[in-house]
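Down below is the structure, laid out as structure tokens.
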Amino acid sequence: MSLDISFIGILIGSIMASSVPLILAASGELITERSGVLNLGVEGMMIIGAISGFALMVITDNLFIAIVGSMLSGVIISLIFGFLTQSLLTNHVATGLALTIFSIGLSAMLGKNFVGIPGKEFPILFSSLRESIPFFGPILFGHSIVLYFAFALPFLTNYFLKKTKLGLVVRAVGDSPVSASNQGINVILVRYCCILYGGAMCGLAGAYLSLIYTPQWIENMTAGRGWIALALVVFATWSPIKVLIGALIFGGITILQLHMQAIGFRIPVQFLSALPYLMTIIVLVVISRDSRKIKLNTPTSLGRIFYKEK
Amino acid sequence: MATDLRISNISKIYPGCIANDNVSLQFKSGKIYALLGENGAGKSTLVKILSGVISPDNGEVFLNEKNLKLSSPLDAKKNKIGMVFQHFNLFETLSVFENLSIDATEDNKSLRVRINEIFKKYNFSIDLDVPVLNLSAGQKQKVEIIRCLLRSPKVLIMDEPTSVLTEQETEELFISLKKFCDEGILIIYITHKLKEVLSLCDEVAVMRKGKVVSVSQTQNEKVETLANKMVGQKLAKIKKKINISKNKDEIFKVKHLNFYSDDPFETNLVNLNFSVKKGECLGIAGISGNGQNELFQILSGEIITPNTSIIFRNKEIAKLNPKQRREYLMAFSPEDRISQAAVPELKIYENVALNNFKASNFFEKGLVNERKIKDHSKKILSDFSVNTDNVELKSQFLSGGNLQKLILGRELITAPELLICYNPTWGLDVGAINYIHETLIKINDQEKSTILISTDTEELLKLSDRIAVIYKGKLSKIMSSEEVTPEKLGVLMGGGSID
């Protein structure tokens with residue numbers, strides 16, 4: 001077993017790559033939830049992003065269009081959710097679940113003709129530096145632009161929520177939509193924007209899977225990552241930085257346990273497969289124990305339907 | 001510049017209820033105006049229209065003879081109408097400063113400067129960087145007021161501002177309001193508390209069932225005249241005949257009641273001993289937070305304390321839970337109607353069924369006997385003059401007064417031997433208070449006993465035969481209410497001692 005330093009660098013690099021879709025989807029969902037909307041359609045929006053990104057790549061042979069298109073398709077799916085919950089005042093939970101079920105079916109139908117088509121190589125940045133610097137090279141360099149964006153996103157999200165006026169408005173709407181409305185804030189509009197943003201990020205997360213991580217289309221290829229992203233947001237108590245930590249732990253243990261299985265540790269495979277879920281929850285629960293902080297970060301109106309008095 | 005606000009022929013109709021019926025009023029700056037009315041008289045609807053939260057079906061609002069179009073809260077803000085709502089419109093998880101900055105147009109630095117100027121001018125002091133949920137009710141209200149002041153309002157509307165304040169905070173508020181008034185802000189003060197109108201306001205408009213029934217100078221009014229206008233009928237004066245006879249049986253006896261809690265928000269109780277006789281009302285006075293909550297919960301069985309002896313009708317009940325105590329014919333009416341006494345989301349008859357007895361047969365073989373419960377509920381609604389006969393109505397749609405009548409009705413229809421109630425008229429209007437008081441006196445006339453824990457001294461003096469004061473978890477000696485005066489109670493409630 002070669003546990004030399006460069007191997008560890010490569011390992012960390014691959015852990016980072018595997019946590020990208022979780023970071024993207026969870027950061028998007030975090031903004032949506034901070035505005036008081038609980039969208040359980042993350043898995044659905046991701047799978048639609050995955051298929052539309054892959055399909056557009058095959059059709060147009062242009063990765064830029066594929067990426068943008070996947071985000072737009074996430075937006076369209078989330079628009080359905082937004083229209084139902086914000087304009088028709090349907091229940092958030094039921095609508096989100098329905099959206100996921102619908103999207104998984106839709107993606108399988110759309111993707112029928114794309115099964116088995118090989119993907120295209122996605123350009124990676126600084127590939128020469130990756131080889132030339134030991135240990136840090138594979139960690140810092142040679143990734144796609146989406147990965148760099150994903151790792152910047154939790155910090156940008158944190159800055160947006162804490163330091164900007166718009167972030168303040170989003171938090172205010174999530175805290176008390178009635179008060180916000182009485183202050184003259186257009187609650188429905190803010191929530192629509194947050195839902196659509198969440199959709200775009202989930203679409204991008206899906207495209208990362210089908211265009212970059214495993215460049216091909218396989219039915220149901222998100223494989224529950226959307227649900228993990230949802231759980232991350234809650235267990236990270238709506239803090240973007242903790243979402244990043246949680247995603248890395250999940251990605252890390254997923255990769256490590258695969259290696260352990262490959263090496264042939266005498267631990268039941270089922271236990272190893274369950275390990276990422278267990279560890280992520282335990283770590284996030286432990287680092288989020290401060291009940292006062294939880295109270296301050298939790299969007300008080302989460303999942304509640306808001307309508308304006310007339 | 002003088003401000004002149006005129007409301008002309010405003011009407012607002014909700015399904016099944018005319019909230020505002022052709023309301024016309026005029027206000028001028030330099031005076032404090034009271035808008036007085038019972039719960040449900042249409043005051044809140046009117047101020048919601050003025051602040052743009054809802055739009056009227058008919059009618060117009062003029063500010064300095066300019067016809068205002070108030071179709072959203074933004075319009076009210078633009079026209080310099082500020083509003084402090086009864087239920088605070090703050091963002092609990094955001095800091096004070098974030099709450100204030102959310103609709104500011106200037107940058108944070110100059111906003112802080114302006115806020116500090118307001119602090120200095122009116123003697124306010126609040127930490128700007130703590131989350132609002134850490135503030136007291138009085139501080140939260142100040143944040144709301146500052147938010148209005150930041151927009152240099154011409155009109156400031158206060159909707160029942162003192163319902164959540166302590167007396168100290170109320171005094172501070174009144175001082176500030178008078179200052180604002182001197183500076184030329186037109187103040188409209190909405191309330192159902194008569195004394196506040198008389199001590200604070202210059203002019204008073206009384207509303208009843210959506211209509212303005214009287215406009216007058218407060219100097220020409222008295223508590224009684226205003227109360228009669230508000231209720232629309234002469235209120236009977238209630239005073240109980242005090243009834244202390246030495247030789248009556250003690251029906252309820254508490255010995256060595258001690259309670260110790262680690263929770264800093266709870267009050268420890270130290271060695272309480274008292275008893276209640278048949279047909280007697282024992283009043284327990286005190287400023288809220290001196291152990292009343294804990295005492296009520298121990299008496300009702302929600303908290304079981306060790307080594308305490310509670311004898312009720314010659315049986316030891318100290319270890320019994322509330323349901324078991326009810327079976328022995330005790331009844332309870334907690335302070336918080338919405339979250340402790342009733343479940344607001346449930347229908348009236350379902351709330352009635354919550355208080356079920358073996359004898360009442362509400363449930364048979366695990367199934368709900370809906371018909372029986374509904375009949376029973378209808379009887380409560382009519383016997384206790386609750387203002388509806390629809391047992392399917394969700395309890396949250398009842399006004400405070402009607403809900404309290406329903407709760408008392410539910411407790412009393414089983415003819416309990418002892419009723420323990422805690423602030424039974426809290427937040428109610430005069431009409432409902434009178435009804436509840438009459439009911440409580442009637443219980444004593446029927447030789448049943450009551451324990452009345454209340455923070456309202458007037459109410460205690462009206463209803464109790466004997467009174468004790470609770471202060472920091474300790475009970476004063478029990479006095480006959482003939483020898484008690486409001487002043488004496490005041491001294492004891494503040495921790496002093498008499499004689």
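Every chain in the structure tokens has a letter given in the order shown (A, B, ...), and although residue numbers restart at 1 in each chain, ligands are simply numbered from 1 in the order shown.
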- request: Write down, as a ChimeraX atom specification, each residue of chain B that has any atom within 6 Å of an atom of chain A, counting only C-alpha atoms.
  value: /B:54,73-74,89,91,93
- prompt: What lies within 10 Å of Gln86 in chain B using only C-alpha atoms, ignoring chain neighbours under 3 positions off, as an MDAnalysis selection string?
  reply: chainID B and resid 44 83 89 141 158:164 190:191
task: Would you work out the distance separating CA of Ser8 in chain B from CA of Val197 in chain B, expressed in Å to one decimal?
output: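 These two atoms are separated by 23.5 Å.
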task: Write out as JSON, numbers by chain each polymer residue whose atoms come within 9 Å of range 473-484 of chain B, counting only C-alpha atoms; drop sequence neighbours fewer than 4 positions from it.
output: {"B": [242, 244, 259, 267, 268, 269, 270, 271, 272, 273, 274, 282, 283, 284, 290, 291, 292, 294, 295, 460, 461, 462, 464, 465, 466, 467, 468, 469, 488, 489, 492, 497]}
task: Write out as a PyMOL selection string each polymer residue whose atoms come within 10 Å of Val254 in chain B, counting only C-alpha atoms; drop sequence neighbours fewer than 3 positions from it.
output: chain B and resi 257+271-276+299+308-312+316+318
